[in-house]
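The block underneath contains the structure these notes are about, expressed in structure tokens.
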Amino acid sequence: MLRTQSSRRMAAVQAPIIPMIAKLVRDTPGTISLGQGVVYYGPPATALAAARNFGDRPEQHKYGPAHGIPELLERIGWKLAEENGISLAGRRVVVTAGANMGFLNALFAIADSGDEVILPRPYYFNQEMAIRMLDGTPVFVPTDENYRLQVDAIRAALTERTRAVVTISPNNPSGAVYPEATLREVNALCKERGIYHISDEAYEYFTHGAIRHFSPASIESSEAHTIALYSLSKAYGFASWRIGYLVIPEHLYEAVLKALDTDLICAPLVSQHAAVGALEAGAAYCREHLETIRRVRILALGELQSVADVCRIPPAEGAFYILLKVESPLDAMTVAERLIREHRVAVIPGNAFGQEDGCYLRVSYGALEPASAETGIRRLTRGLRAIAGA
């Protein structure tokens with residue numbers, strides 16, 4: 001009997017879609033990518049200066065505190081209080097190598113084999129993958145036609161095995177922003193049932209028009225059941241530096257540290273020092289770039305109206321994503337491959353996010369300057385017209 005093979009658990013985990021699309025892009029020179037979710041700009045000068053000044057002291061080449069260096073934790077604490085309205089009374093902050101690691105370590109702390117985690121569909125694929133990797137059961141609940149939460153559907157999905165409800169607002173992959181009232185209702189439901197509300201807020205600054213972001217951990221008496229995830233990757237052009245952080249109930253701190261000490265020991269110190277510099281620049285750094293992203297959003301939504309007869313275009317009020325539903329008998333991966341090979345524009349197929357009831361495509365517009373974005377969106381609309389009309 002063959003024993004040298006991958007585990008059955010990992011065999012059940014979907015293959016990461018981003019590298020698959022990236023390979024198709026590399027194999028098709030001249031393709032404009034509306035695929036991976038990154039921003040067009042890099043870190044602030046204060047972050048780069050902090051990184052250049054790193055390394056002169058011997059202790060900077062040793063392991064740091066597992067939960068994060070004091071100066072970074074201090075800046076995060078100030079940011080949470082001033083921007084999110086979150087008190088750290090009864091809570092702890094843990095720095096991780098990105099919000100994905102934060103989510104995984106939170107699962108280590110709260111879930112056992114066979115436990116269930118509620119994921120509103122469309123979900124973020126890495127979170128569904130993480131649940132399966134830990135031998136948990138993702139339970140999918142529908143959202144409405146604009147990808148807004150339906151609390152009754154969440155309530156109906158709860159069982160004795162449910163450990164958490166996950167919300168992502170602003171949302172990846174749909175661009176939806178959940179209203180404060182809805183998030184409060186979800187948080188209250190979690191408190192009532194004695195389960196956790198995991199609030200992913202990686203795109204907290206990326207809202208458009210009059211829409212505003214709300215942090216459920218700011219709710220009074222939420223400290224014992226609310227876990228919040230944050231990331232520097234988007235707001236500070238920090239994707240390659242791999243810095244995020246968790247806000248967790250005090251009682252989960254030791255469990256999270258066990259996971260962190262095993263899978264990382266501590267987030268890279270040079271990145272943590274650079275993160276101090278990034279937070280020194282503050283949210284204003286992100287907001288000065290948001291105007292360009294918002295112009296690209298308006299351009300993208302305007303161009304997509306030309307194919308409104310062959311695809312449904314949601315409002316996409318946050319993040320930098322639009323999740324289209326294309327009227328096509330073809331599956332989403334086939335359409336994505338044809339868009340790259342025949343029209344030299346890349347998007348992400350929606351089945352990676354759990355959208356199996358049709359042909360969905362995630363369009364990401366944050367990585368491009370307006371001129372490139374305009375070219376990419378026009379290629380996309382021509383491609384959708386050609387493929388849907390075939």
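Going through the structure tokens in order, the chains are called A, B, and so on, while each chain numbers its residues from 1 and the ligands are numbered from 1 in the order shown.
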Among range 112-344 of chain A, which ones does DSSP assign to alpha helix (DSSP H) (computed from the backbone)? Answer as number ranges by chain. A: 125-133, 151-157, 180-193, 253-263, 269-281, 283-304, 332-343
Considering only strand (DSSP E or B) as DSSP defines it on the backbone, what residues of range 15-123 of chain A qualify? List them as a PDB file with C-alpha atoms, in the first residue's frame.
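To be explicit, this is the file written out as part11.pdb:
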ATOM      1  CA  ILE A  32      -3.375  43.009 -18.919  1.00  0.00           C
ATOM      2  CA  SER A  33      -4.263  41.493 -15.571  1.00  0.00           C
ATOM      3  CA  ARG A  91      -8.528  41.986  24.058  1.00  0.00           C
ATOM      4  CA  ARG A  92      -5.041  41.343  22.701  1.00  0.00           C
ATOM      5  CA  VAL A  93      -3.334  42.274  19.426  1.00  0.00           C
ATOM      6  CA  VAL A  94      -1.145  39.723  17.651  1.00  0.00           C
ATOM      7  CA  VAL A  95       0.991  40.633  14.623  1.00  0.00           C
ATOM      8  CA  THR A  96       1.032  38.009  11.869  1.00  0.00           C
ATOM      9  CA  GLU A 116     -18.381  24.243  11.300  1.00  0.00           C
ATOM     10  CA  VAL A 117     -17.607  27.783  10.192  1.00  0.00           C
ATOM     11  CA  ILE A 118     -20.246  29.857   8.383  1.00  0.00           C
ATOM     12  CA  LEU A 119     -19.030  31.492   5.148  1.00  0.00           C
ATOM     13  CA  PRO A 120     -21.429  33.765   3.250  1.00  0.00           C
ATOM     14  CA  ARG A 121     -21.166  33.042  -0.446  1.00  0.00           C
TER      15      ARG A 121
END
Shell around Leu339 in chain A at 6 Å using only C-alpha atoms, local window under 4 positions removed, as number ranges by chain: A: 343, 345, 383
Can you spit out the residues from that selection as a PDB file, in the first residue's frame, using N, CA and C atoms?
ATOM      1  N   HIS A 343      -8.221  37.505 -25.937  1.00  0.00           N
ATOM      2  CA  HIS A 343      -8.422  38.956 -25.780  1.00  0.00           C
ATOM      3  C   HIS A 343      -7.374  39.614 -24.887  1.00  0.00           C
ATOM      4  N   VAL A 345      -6.699  39.670 -21.652  1.00  0.00           N
ATOM      5  CA  VAL A 345      -7.105  40.311 -20.400  1.00  0.00           C
ATOM      6  C   VAL A 345      -7.451  39.194 -19.411  1.00  0.00           C
ATOM      7  N   GLY A 383     -14.239  41.141 -25.143  1.00  0.00           N
ATOM      8  CA  GLY A 383     -14.173  39.693 -24.971  1.00  0.00           C
ATOM      9  C   GLY A 383     -15.488  39.112 -24.481  1.00  0.00           C
TER      10      GLY A 383
END
Return as a tab-separated table the residues of range 64-148 of chain A lying at most 12 Å from range 236-244 of chain A, together with the closest atom-to-atom pair for each and the distance in Å to one decimal, counting only C-alpha atoms, with rows in chain order and ascending residue number.
residue	atom	partner	partner_atom	distance
A:His67	CA	A:Gly244	CA	11.3
A:Gly68	CA	A:Ile243	CA	10.3
A:Leu72	CA	A:Ile243	CA	10.7
A:Leu73	CA	A:Gly244	CA	11.4
A:Ile76	CA	A:Gly244	CA	10.3
A:Val93	CA	A:Gly244	CA	10.4
A:Val94	CA	A:Gly244	CA	8.7
A:Val95	CA	A:Gly244	CA	5.9
A:Thr96	CA	A:Gly244	CA	5.2
A:Ala97	CA	A:Ile243	CA	4.6
A:Gly98	CA	A:Gly244	CA	4.0
A:Ala99	CA	A:Gly244	CA	4.9
A:Asn100	CA	A:Gly244	CA	8.3
A:Met101	CA	A:Gly244	CA	8.2
A:Gly102	CA	A:Gly244	CA	7.2
A:Phe103	CA	A:Gly244	CA	10.2
Quick one: write out the picked residues with N, CA and C atoms as a compact mmCIF listing (two decimals), in the first residue's frame?
# COMPACT_ATOMS: atom_id res chain seq x y z
N HIS A 67 4.17 37.95 19.57
CA HIS A 67 2.95 38.72 19.28
C HIS A 67 3.24 40.03 18.58
N GLY A 68 4.50 40.44 18.46
CA GLY A 68 4.83 41.67 17.75
C GLY A 68 5.73 42.58 18.58
N LEU A 72 5.38 48.59 17.28
CA LEU A 72 4.31 48.33 16.31
C LEU A 72 2.98 48.12 17.03
N LEU A 73 3.00 47.37 18.12
CA LEU A 73 1.77 47.15 18.88
C LEU A 73 1.20 48.47 19.41
N ILE A 76 -0.49 50.20 16.47
CA ILE A 76 -1.73 49.51 16.13
C ILE A 76 -2.82 49.84 17.15
N VAL A 93 -3.73 42.13 20.83
CA VAL A 93 -3.33 42.27 19.43
C VAL A 93 -2.17 41.33 19.16
N VAL A 94 -2.23 40.62 18.05
CA VAL A 94 -1.14 39.72 17.65
C VAL A 94 -0.78 40.05 16.21
N VAL A 95 0.50 40.34 15.97
CA VAL A 95 0.99 40.63 14.62
C VAL A 95 1.28 39.32 13.91
N THR A 96 0.84 39.22 12.66
CA THR A 96 1.03 38.01 11.87
C THR A 96 1.65 38.36 10.52
N ALA A 97 2.06 37.35 9.79
CA ALA A 97 2.59 37.55 8.43
C ALA A 97 1.43 37.61 7.46
N GLY A 98 0.65 38.68 7.55
CA GLY A 98 -0.51 38.85 6.70
C GLY A 98 -1.79 38.38 7.37
N ALA A 99 -2.93 38.86 6.86
CA ALA A 99 -4.23 38.51 7.45
C ALA A 99 -4.60 37.05 7.20
N ASN A 100 -4.10 36.44 6.12
CA ASN A 100 -4.38 35.02 5.90
C ASN A 100 -3.85 34.18 7.05
N MET A 101 -2.63 34.48 7.50
CA MET A 101 -2.07 33.75 8.64
C MET A 101 -2.89 34.04 9.89
N GLY A 102 -3.35 35.28 10.03
CA GLY A 102 -4.19 35.60 11.16
C GLY A 102 -5.44 34.75 11.20
N PHE A 103 -6.09 34.58 10.04
CA PHE A 103 -7.29 33.75 9.97
C PHE A 103 -6.98 32.31 10.33
For Arg163 in chain A, work out the shell of residues within 8 Å, counting only C-alpha atoms and skipping chain neighbours fewer than 6 positions away, then give it as an mmCIF file with N, CA and C atoms, in the first residue's frame.
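selection-v2.cif, written as the output of this step:
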data_model
loop_
_atom_site.group_PDB
_atom_site.id
_atom_site.type_symbol
_atom_site.label_atom_id
_atom_site.label_comp_id
_atom_site.auth_asym_id
_atom_site.auth_seq_id
_atom_site.Cartn_x
_atom_site.Cartn_y
_atom_site.Cartn_z
ATOM 1 N N ILE A 110 -9.781 28.241 17.844
ATOM 2 C CA ILE A 110 -11.205 28.124 18.199
ATOM 3 C C ILE A 110 -11.880 26.847 17.722
ATOM 4 N N ALA A 111 -11.286 26.127 16.767
ATOM 5 C CA ALA A 111 -12.024 25.041 16.113
ATOM 6 C C ALA A 111 -11.334 23.689 16.276
ATOM 7 N N ASP A 115 -15.683 20.743 13.279
ATOM 8 C CA ASP A 115 -16.440 21.949 13.618
ATOM 9 C C ASP A 115 -16.795 22.732 12.358
ATOM 10 N N GLU A 116 -17.864 23.507 12.449
ATOM 11 C CA GLU A 116 -18.381 24.243 11.300
ATOM 12 C C GLU A 116 -18.103 25.731 11.418
ATOM 13 N N VAL A 117 -17.805 26.337 10.282
ATOM 14 C CA VAL A 117 -17.607 27.783 10.192
ATOM 15 C C VAL A 117 -18.493 28.302 9.064
ATOM 16 N N ILE A 195 -20.909 31.836 19.964
ATOM 17 C CA ILE A 195 -19.920 31.532 18.930
ATOM 18 C C ILE A 195 -19.172 32.813 18.572
ATOM 19 N N TYR A 196 -18.166 32.690 17.739
ATOM 20 C CA TYR A 196 -17.325 33.831 17.392
ATOM 21 C C TYR A 196 -17.793 34.507 16.107
#
Taking 2 positions as the minimum chain separation for residues in the same chain, which residues sit within 8 Å of range 358-363 of chain A when counting only C-alpha atoms? Answer as number ranges by chain. A: 34-35, 173-174, 321-332, 336, 347-351, 355-356, 365
For a test of reading the model, state the distance in Å between CA of His225 in chain A and CA of Val256 in chain A, rounded to one decimal. 14.7 Å
For Gly37 in chain A: contacts at 9 Å, only C-alpha atoms, fewer than 6 positions along chain excluded, given as a PyMOL selection string: chain A and resi 172+234+320-321+364-367
